[in-house]
$ cat model_38.txt   # compact mmCIF, C-alpha atoms
# COMPACT_ATOMS: atom_id res chain seq x y z
CA MET A 14 124.45 69.12 110.44
CA SER A 15 127.03 71.22 108.62
CA SER A 16 128.75 74.01 110.50
CA SER A 17 127.41 77.51 109.99
CA CYS A 18 130.41 78.55 107.91
CA SER A 19 130.40 75.79 105.32
CA ALA A 20 127.74 75.58 102.71
CA PRO A 21 127.51 73.80 99.38
CA ALA A 22 128.28 75.96 96.35
CA ALA A 23 125.17 77.52 94.83
CA ALA A 24 124.21 77.42 91.15
CA PRO A 25 124.83 80.61 89.15
CA VAL A 26 121.95 83.03 88.66
CA ARG A 27 121.04 83.06 84.96
CA ARG A 28 117.52 84.53 84.78
CA VAL A 29 116.23 87.51 86.74
CA GLY A 30 112.80 89.13 86.49
CA VAL A 31 112.16 92.78 87.41
CA PHE A 32 108.41 93.23 87.95
CA GLY A 33 106.57 96.54 87.92
CA GLY A 34 102.87 97.30 88.02
CA THR A 35 101.83 94.32 90.16
CA HIS A 36 99.64 97.06 91.61
CA GLY A 37 98.74 99.42 88.77
CA ASN A 38 98.76 102.62 90.84
CA GLU A 39 102.27 102.15 92.31
CA LEU A 40 104.10 104.22 89.75
CA SER A 41 107.82 103.94 90.53
CA GLY A 42 107.97 100.33 89.35
CA VAL A 43 105.66 101.01 86.41
CA LEU A 44 107.85 103.87 85.13
CA LEU A 45 111.15 102.05 85.72
CA VAL A 46 110.00 98.85 84.01
CA ARG A 47 108.64 100.74 81.00
CA HIS A 48 111.90 102.68 80.78
CA TRP A 49 113.99 99.50 81.01
CA GLN A 50 111.85 97.78 78.38
CA GLN A 51 112.82 100.58 75.98
CA ASN A 52 116.39 100.97 77.20
CA GLY A 53 117.62 98.14 79.39
CA ALA A 54 121.39 98.81 79.39
CA GLU A 55 121.24 99.92 83.05
CA ILE A 56 119.90 96.56 84.26
CA GLN A 57 121.81 94.18 81.98
CA ARG A 58 124.64 92.19 83.55
CA PRO A 59 127.09 89.83 81.76
CA GLY A 60 125.94 86.20 81.66
CA VAL A 61 122.46 87.01 83.04
CA GLU A 62 119.14 87.48 81.29
CA VAL A 63 117.37 90.33 83.10
CA LYS A 64 113.74 90.68 82.02
CA PRO A 65 111.75 93.81 82.95
CA PHE A 66 108.05 92.91 82.97
CA LEU A 67 104.77 94.76 83.54
CA THR A 68 102.72 92.31 85.57
CA ASN A 69 99.24 93.88 85.62
CA PRO A 70 98.94 95.97 82.42
CA ARG A 71 95.17 96.47 82.64
CA ALA A 72 95.42 97.87 86.17
CA VAL A 73 98.33 100.07 85.05
CA GLU A 74 96.22 101.41 82.18
CA LYS A 75 93.44 102.34 84.62
CA CYS A 76 95.93 103.47 87.32
CA THR A 77 94.17 101.32 89.91
CA ARG A 78 95.54 98.70 92.30
CA TYR A 79 93.79 95.83 90.51
CA ILE A 80 90.89 95.04 88.18
CA ASP A 81 89.10 92.08 89.87
CA CYS A 82 91.31 91.00 92.77
CA ASP A 83 94.79 91.62 94.21
CA LEU A 84 97.37 90.06 91.85
CA ASN A 85 99.84 89.89 94.74
CA ARG A 86 97.64 87.42 96.64
CA VAL A 87 96.70 84.83 93.98
CA PHE A 88 99.86 82.79 93.42
CA ASP A 89 98.53 79.90 95.51
CA PRO A 90 98.16 76.38 94.02
CA ASP A 91 94.34 76.69 93.78
CA SER A 92 94.43 79.93 91.78
CA LEU A 93 97.32 78.81 89.57
CA GLY A 94 95.54 75.52 88.82
CA ARG A 95 92.07 77.01 88.33
CA PRO A 96 90.41 76.17 85.00
CA VAL A 97 90.28 79.19 82.70
CA VAL A 98 86.60 79.84 82.15
CA GLU A 99 84.74 82.96 81.05
CA ASP A 100 84.17 84.48 84.50
CA ILE A 101 87.63 83.80 85.96
CA PRO A 102 88.98 87.01 87.58
CA TYR A 103 91.42 88.90 85.33
CA GLU A 104 94.24 88.71 87.89
CA VAL A 105 93.88 84.94 88.33
CA ARG A 106 94.22 84.48 84.56
CA ARG A 107 97.18 86.87 84.58
CA ALA A 108 98.79 84.96 87.47
CA GLN A 109 98.63 81.78 85.37
CA GLU A 110 100.30 83.58 82.44
CA ILE A 111 103.06 84.93 84.71
CA ASN A 112 103.55 81.47 86.24
CA HIS A 113 103.86 80.05 82.71
CA ILE A 114 106.52 82.61 81.70
CA PHE A 115 108.54 82.85 84.93
CA GLY A 116 107.70 79.58 86.72
CA PRO A 117 106.29 77.09 87.11
CA LYS A 118 106.36 78.03 90.81
CA GLY A 119 108.38 75.54 92.84
CA SER A 120 110.03 73.93 89.79
CA ASP A 121 113.64 73.79 88.59
CA ASP A 122 112.57 75.72 85.48
CA ALA A 123 111.46 78.78 87.47
CA TYR A 124 113.39 82.05 87.24
CA ASP A 125 116.25 82.27 89.73
CA LEU A 126 115.37 85.68 91.13
CA ILE A 127 112.54 88.20 90.88
CA PHE A 128 112.56 91.77 92.17
CA ASP A 129 108.93 92.90 92.52
CA LEU A 130 108.73 96.72 92.68
CA HIS A 131 106.09 98.27 94.93
CA ASN A 132 105.24 101.61 96.49
CA THR A 133 103.61 102.28 99.82
CA THR A 134 101.87 105.37 101.19
CA SER A 135 103.56 104.54 104.52
CA ASN A 136 106.86 106.06 105.63
CA MET A 137 108.82 102.83 105.17
CA GLY A 138 111.78 104.16 103.17
CA GLY A 139 113.42 101.64 100.84
CA THR A 140 112.34 98.31 102.32
CA LEU A 141 113.24 94.80 101.15
CA ILE A 142 110.63 92.08 101.72
CA LEU A 143 111.84 88.52 102.31
CA GLU A 144 109.75 85.35 102.35
CA ASN A 145 112.22 82.75 103.65
CA SER A 146 114.44 83.01 106.75
CA ARG A 147 116.72 80.20 105.54
CA ASP A 148 117.56 81.40 102.03
CA ASP A 149 121.31 82.04 102.20
CA PHE A 150 121.45 83.65 98.75
CA THR A 151 118.73 86.23 99.47
CA ILE A 152 120.06 87.04 102.96
CA GLN A 153 123.55 87.59 101.51
CA MET A 154 122.07 89.82 98.80
CA VAL A 155 120.14 91.88 101.37
CA HIS A 156 123.34 92.23 103.41
CA TYR A 157 125.15 93.46 100.29
CA ILE A 158 122.38 95.97 99.40
CA LYS A 159 122.17 97.28 102.99
CA THR A 160 125.96 97.78 103.09
CA ALA A 161 125.98 99.50 99.68
CA LEU A 162 123.22 101.93 100.72
CA ALA A 163 124.64 102.76 104.17
CA PRO A 164 124.33 105.13 105.96
CA GLU A 165 120.88 105.30 104.37
CA LEU A 166 118.64 102.75 106.05
CA CYS A 167 117.25 99.78 104.14
CA PRO A 168 114.91 97.86 106.47
CA ALA A 169 114.13 94.21 105.75
CA LEU A 170 110.64 92.83 106.41
CA LEU A 171 110.27 89.06 106.80
CA ILE A 172 106.73 87.91 105.92
CA GLU A 173 107.35 84.24 106.77
CA HIS A 174 104.38 83.32 108.99
CA PRO A 175 102.01 80.32 109.17
CA SER A 176 98.88 82.39 108.51
CA LEU A 177 100.01 85.90 107.53
CA LYS A 178 102.32 85.00 104.62
CA TYR A 179 100.61 85.65 101.29
CA ALA A 180 101.04 84.12 97.84
CA THR A 181 102.99 86.89 96.11
CA THR A 182 103.56 87.44 92.39
CA ARG A 183 107.33 87.14 92.90
CA SER A 184 106.95 83.78 94.67
CA VAL A 185 107.12 82.04 91.27
CA ALA A 186 110.92 82.57 91.44
CA LYS A 187 113.41 80.47 93.41
CA HIS A 188 114.45 83.65 95.25
CA PRO A 189 111.62 86.22 95.59
CA VAL A 190 112.45 89.76 96.76
CA GLY A 191 109.92 92.52 97.28
CA VAL A 192 111.13 96.12 96.95
CA GLU A 193 108.71 98.39 98.85
CA VAL A 194 109.50 102.11 98.69
CA GLY A 195 107.62 105.00 100.28
CA PRO A 196 106.08 107.27 101.25
CA GLN A 197 104.42 107.93 97.90
CA PRO A 198 100.72 108.52 97.19
CA GLN A 199 98.95 106.12 94.86
CA GLY A 200 98.99 107.27 91.25
CA VAL A 201 101.89 109.66 91.89
CA ALA A 202 105.60 109.44 90.98
CA ARG A 203 108.14 111.18 93.24
CA ALA A 204 111.72 111.52 91.96
CA ASP A 205 113.34 110.77 95.33
CA ILE A 206 111.32 107.56 95.78
CA LEU A 207 111.97 106.41 92.21
CA ASP A 208 115.70 107.01 92.68
CA LYS A 209 115.74 105.00 95.92
CA MET A 210 114.06 102.06 94.17
CA ARG A 211 116.42 102.30 91.21
CA LYS A 212 119.49 102.14 93.50
CA ILE A 213 118.18 99.05 95.32
CA VAL A 214 117.69 97.20 92.02
CA LYS A 215 121.16 98.29 90.80
CA HIS A 216 122.89 96.99 93.94
CA GLY A 217 120.90 93.76 93.80
CA LEU A 218 121.98 93.14 90.21
CA ASP A 219 125.58 94.06 91.06
CA PHE A 220 125.48 91.37 93.76
CA VAL A 221 124.25 88.82 91.20
CA GLN A 222 127.14 89.71 88.88
CA LEU A 223 129.76 89.45 91.65
CA PHE A 224 128.30 86.12 92.78
CA ASN A 225 128.38 84.72 89.23
CA GLU A 226 131.96 85.93 88.77
CA GLY A 227 133.05 83.78 91.71
CA LYS A 228 133.26 86.33 94.53
CA GLU A 229 132.87 84.54 97.86
CA PHE A 230 130.66 86.02 100.54
CA PRO A 231 131.59 85.13 104.13
CA PRO A 232 128.90 84.20 106.68
CA CYS A 233 126.80 87.25 107.57
CA ALA A 234 123.93 88.40 109.74
CA ILE A 235 121.20 90.94 109.00
CA GLU A 236 118.57 92.56 111.17
CA VAL A 237 115.03 91.91 109.98
CA PHE A 238 111.57 92.86 111.17
CA LYS A 239 109.42 89.75 111.29
CA ILE A 240 105.66 90.08 110.81
CA MET A 241 103.71 89.17 113.97
CA GLU A 242 100.17 90.41 113.56
CA ARG A 243 97.94 92.69 111.55
CA VAL A 244 96.08 95.33 113.56
CA ASP A 245 92.72 96.73 112.44
CA TYR A 246 91.22 100.13 113.13
CA PRO A 247 88.72 100.42 116.01
CA ARG A 248 85.23 99.97 114.58
CA ASN A 249 81.60 100.30 115.67
CA LYS A 250 79.06 97.48 115.53
CA ASN A 251 78.36 98.28 111.86
CA GLY A 252 82.03 97.71 111.05
CA GLU A 253 82.71 101.40 110.41
CA ILE A 254 86.02 102.97 111.42
CA ILE A 255 85.66 105.14 114.55
CA ALA A 256 89.31 106.03 115.21
CA ILE A 257 92.29 106.96 113.04
CA ILE A 258 96.06 106.58 113.40
CA HIS A 259 97.29 108.87 116.21
CA PRO A 260 99.55 111.74 115.02
CA LYS A 261 102.35 110.42 117.26
CA LEU A 262 102.26 107.06 115.44
CA GLN A 263 101.82 108.48 111.92
CA ASP A 264 105.03 108.15 109.82
CA GLN A 265 106.82 106.29 112.64
CA ASP A 266 107.32 103.05 110.69
CA TRP A 267 110.08 100.82 112.17
CA GLN A 268 110.16 102.86 115.41
CA PRO A 269 109.63 101.04 118.74
CA LEU A 270 106.06 101.04 120.07
CA LYS A 271 105.79 100.49 123.82
CA LYS A 272 102.90 99.85 126.19
CA GLY A 273 100.95 103.05 126.78
CA ASP A 274 102.11 104.77 123.56
CA PRO A 275 99.24 106.41 121.62
CA LEU A 276 97.89 104.24 118.76
CA PHE A 277 94.55 105.62 117.64
CA LEU A 278 92.53 108.81 118.07
CA THR A 279 88.73 108.62 118.09
CA LEU A 280 86.66 111.28 116.39
CA ASP A 281 85.62 112.38 119.91
CA GLY A 282 89.27 113.07 120.72
CA GLU A 283 89.88 110.00 122.89
CA VAL A 284 93.38 108.49 122.70
CA ILE A 285 93.55 104.70 122.43
CA PRO A 286 96.96 103.52 123.67
CA TYR A 287 98.96 100.40 122.82
CA GLN A 288 98.20 97.73 125.43
CA GLY A 289 100.76 95.07 124.52
CA ASP A 290 103.41 94.05 127.02
CA CYS A 291 106.31 93.66 124.59
CA THR A 292 107.86 96.39 122.45
CA VAL A 293 106.94 95.99 118.79
CA TYR A 294 107.96 97.77 115.59
CA PRO A 295 104.94 98.84 113.52
CA THR A 296 105.13 99.22 109.76
CA PHE A 297 102.75 99.75 106.84
CA ILE A 298 101.27 102.41 109.15
CA ASN A 299 98.11 103.90 107.60
CA GLU A 300 98.77 102.26 104.20
CA ALA A 301 96.03 103.45 101.85
CA ALA A 302 95.67 100.07 100.09
CA TYR A 303 95.09 98.26 103.40
CA TYR A 304 91.89 100.02 104.46
CA GLU A 305 89.97 97.45 102.39
CA LYS A 306 92.01 94.69 104.05
CA LYS A 307 90.98 96.02 107.48
CA GLN A 308 94.56 96.74 108.46
CA ALA A 309 95.81 99.90 110.19
CA PHE A 310 99.38 98.67 110.59
CA VAL A 311 101.47 95.53 110.93
CA LYS A 312 103.19 94.62 114.18
CA THR A 313 106.72 93.26 113.74
CA GLU A 314 109.47 92.03 116.04
CA LYS A 315 113.18 92.59 115.50
CA MET A 316 115.35 89.54 114.91
CA LYS A 317 118.63 88.48 113.31
CA LEU A 318 118.93 86.22 110.29
CA THR A 319 122.21 84.54 109.45
CA ALA A 320 123.48 83.24 106.14
CA ARG A 321 126.23 80.72 105.57
CA HIS A 322 129.28 81.29 103.42
CA LEU A 323 128.15 81.72 99.80
CA ARG A 324 129.99 80.95 96.60
CA CYS A 325 128.95 80.08 93.07
CA SER A 326 129.53 76.53 91.82
CA VAL A 327 130.55 77.77 88.36
CA SER A 328 132.56 80.96 88.11
CA ASP A 329 132.04 83.21 85.08
CA GLN A 330 135.53 84.62 85.69
CA SER A 331 137.21 81.94 83.60
CA THR A 332 135.18 82.86 80.50
CA SER A 333 136.01 86.58 80.61

$ encode --input "model_38.txt" --output "structure tokens"
Amino acid sequence: MSSSCSAPAAAPVRRVGVFGGTHGNELSGVLLVRHWQQNGAEIQRPGVEVKPFLTNPRAVEKCTRYIDCDLNRVFDPDSLGRPVVEDIPYEVRRAQEINHIFGPKGSDDAYDLIFDLHNTTSNMGGTLILENSRDDFTIQMVHYIKTALAPELCPALLIEHPSLKYATTRSVAKHPVGVEVGPQPQGVARADILDKMRKIVKHGLDFVQLFNEGKEFPPCAIEVFKIMERVDYPRNKNGEIIAIIHPKLQDQDWQPLKKGDPLFLTLDGEVIPYQGDCTVYPTFINEAAYYEKKQAFVKTEKMKLTARHLRCSVSDQSTS
């Protein structure tokens, strides 16, 4: 096995997608993508095709999360290979169109990198979502973005998990990156949240340019929060919610949760504490879109990811 510091040179990044409106009521990405479609100077980088793209236009038009089903969950082989018949859900048909333009998923022809822009009602700040703990390029990029934004925090959520990982819209790319910025209500655009998202995309594209120009990135490590488990609200025998997020947990995304800390509050005023033995780091706390998914928050654990030395196999420097 090669040592941690040596790695083969990576191919240059030539095609980047910037997705907005995967969920039609998450407005920061919708507004930025529409703006960049009209005036894309801000996101263009030499030697790279950067394509801003509205992924779920019908949901955007209605300002709803989705029309028939969640577009960010249908990029699995079954959905992408499903015959297009009359009653096929709109988002499954749309997923096939996106896979045709930006994929095919898992192929050499797929886009190199996709930033998928999302908002959350949870107090998650500007979060980057990673799908692969062994992707040197993406880990190096996250390290670059985190450093550029410091001292402002930029948490990284790793959704790699045998059963909890989901088939995202961005997963058609070789390197998928979710940009999840909150807190922001659905159907609302806040200037501070939009600005935070805009900066993350800028730094990500700057990294791509530096990489293509031949800048070498030494081995690095980043802290990530790895998804462990989804936690539902307490319910009665009819499946109805009987307790809500405790005020002491509300807005405390990424903060340590220890045994005995308050989790839920019943409508009778009873506190339901956290019973787990190990400290966890909850996130997506009280996310509005996850009530239908029966999810009050996600439990994560803190871990380190390392990336090997990164350099581009073909430098654009010589052509400039």

$ residues_near_point --input "model_38.txt" --point "(96.1, 110.5, 114.1)" --cutoff "9 Å" --atoms "only C-alpha atoms" --output "list of chain:residue names"
A:Ala256, A:Ile257, A:Ile258, A:His259, A:Pro260, A:Lys261, A:Leu262, A:Gln263, A:Leu276, A:Phe277, A:Leu278, A:Thr279

$ closest_residue --input "model_38.txt" --among "A:Ile101, A:Ala123, A:Leu130, A:Ala320" --to "Cys233 in chain A" --atoms "all atoms listed in the file"
A:Ala320

$ residues_around --input "model_38.txt" --residues "range 86-99 of chain A" --least-positions-apart "5" --cutoff "10 Å" --atoms "all atoms listed in the file" --output "ChimeraX atom specification"
/A:104-113,117-118,178-185

$ residues_around --input "model_38.txt" --residues "Ser326 in chain A" --least-positions-apart "2" --cutoff "7 Å" --atoms "all atoms listed in the file" --output "number ranges by chain"
A: 22-25, 324, 328

$ residues_around --input "model_38.txt" --residues "Tyr294 in chain A" --least-positions-apart "2" --cutoff "12 Å" --atoms "all atoms listed in the file" --output "ChimeraX atom specification"
/A:137,168,170,237-243,262,265-272,287,289,291-292,296-298,310-316

$ write_last_selection --input "model_38.txt" --atoms "C-alpha atoms" --output "PDB file, in the frame of the given file"
ATOM      1  CA  MET A 137     108.820 102.830 105.170  1.00  0.00           C
ATOM      2  CA  PRO A 168     114.910  97.860 106.470  1.00  0.00           C
ATOM      3  CA  LEU A 170     110.640  92.830 106.410  1.00  0.00           C
ATOM      4  CA  VAL A 237     115.030  91.910 109.980  1.00  0.00           C
ATOM      5  CA  PHE A 238     111.570  92.860 111.170  1.00  0.00           C
ATOM      6  CA  LYS A 239     109.420  89.750 111.290  1.00  0.00           C
ATOM      7  CA  ILE A 240     105.660  90.080 110.810  1.00  0.00           C
ATOM      8  CA  MET A 241     103.710  89.170 113.970  1.00  0.00           C
ATOM      9  CA  GLU A 242     100.170  90.410 113.560  1.00  0.00           C
ATOM     10  CA  ARG A 243      97.940  92.690 111.550  1.00  0.00           C
ATOM     11  CA  LEU A 262     102.260 107.060 115.440  1.00  0.00           C
ATOM     12  CA  GLN A 265     106.820 106.290 112.640  1.00  0.00           C
ATOM     13  CA  ASP A 266     107.320 103.050 110.690  1.00  0.00           C
ATOM     14  CA  TRP A 267     110.080 100.820 112.170  1.00  0.00           C
ATOM     15  CA  GLN A 268     110.160 102.860 115.410  1.00  0.00           C
ATOM     16  CA  PRO A 269     109.630 101.040 118.740  1.00  0.00           C
ATOM     17  CA  LEU A 270     106.060 101.040 120.070  1.00  0.00           C
ATOM     18  CA  LYS A 271     105.790 100.490 123.820  1.00  0.00           C
ATOM     19  CA  LYS A 272     102.900  99.850 126.190  1.00  0.00           C
ATOM     20  CA  TYR A 287      98.960 100.400 122.820  1.00  0.00           C
ATOM     21  CA  GLY A 289     100.760  95.070 124.520  1.00  0.00           C
ATOM     22  CA  CYS A 291     106.310  93.660 124.590  1.00  0.00           C
ATOM     23  CA  THR A 292     107.860  96.390 122.450  1.00  0.00           C
ATOM     24  CA  THR A 296     105.130  99.220 109.760  1.00  0.00           C
ATOM     25  CA  PHE A 297     102.750  99.750 106.840  1.00  0.00           C
ATOM     26  CA  ILE A 298     101.270 102.410 109.150  1.00  0.00           C
ATOM     27  CA  PHE A 310      99.380  98.670 110.590  1.00  0.00           C
ATOM     28  CA  VAL A 311     101.470  95.530 110.930  1.00  0.00           C
ATOM     29  CA  LYS A 312     103.190  94.620 114.180  1.00  0.00           C
ATOM     30  CA  THR A 313     106.720  93.260 113.740  1.00  0.00           C
ATOM     31  CA  GLU A 314     109.470  92.030 116.040  1.00  0.00           C
ATOM     32  CA  LYS A 315     113.180  92.590 115.500  1.00  0.00           C
ATOM     33  CA  MET A 316     115.350  89.540 114.910  1.00  0.00           C
TER      34      MET A 316
END

$ atom_distance --input "model_38.txt" --atom1 "CA of Ala302 in chain A" --atom2 "CA of His216 in chain A"
28.1 Å

$ residues_around --input "model_38.txt" --residues "Asp205 in chain A" --least-positions-apart "5" --cutoff "12 Å" --atoms "all atoms listed in the file" --output "ChimeraX atom specification"
/A:41,138-139,194-197,210-212

$ residues_near_point --input "model_38.txt" --point "(100.7, 98.4, 86.8)" --cutoff "8 Å" --atoms "only C-alpha atoms" --output "PyMOL selection string"
chain A and resi 33-40+42-43+67-74+76-78

$ residues_around --input "model_38.txt" --residues "range 29-32 of chain A" --least-positions-apart "3" --cutoff "10 Å" --atoms "all atoms listed in the file" --output "number ranges by chain"
A: 26, 35, 42-43, 45-46, 49, 56-57, 61-69, 115, 123-131, 182-183, 186, 188-192, 214, 218, 221

$ atom_distance --input "model_38.txt" --atom1 "CA of Tyr246 in chain A" --atom2 "CA of Asp264 in chain A"
16.3 Å

$ atom_distance --input "model_38.txt" --atom1 "CA of Ala301 in chain A" --atom2 "CA of Ala202 in chain A"
15.7 Å

$ closest_residue --input "model_38.txt" --among "A:Ala234, A:Ile158, A:Leu166, A:Val244" --to "Ile213 in chain A" --atoms "all atoms listed in the file"
A:Ile158

$ closest_residue --input "model_38.txt" --among "A:Asn251, A:Thr319, A:Asn132, A:Ser120" --to "Pro198 in chain A" --atoms "all atoms listed in the file"
A:Asn132
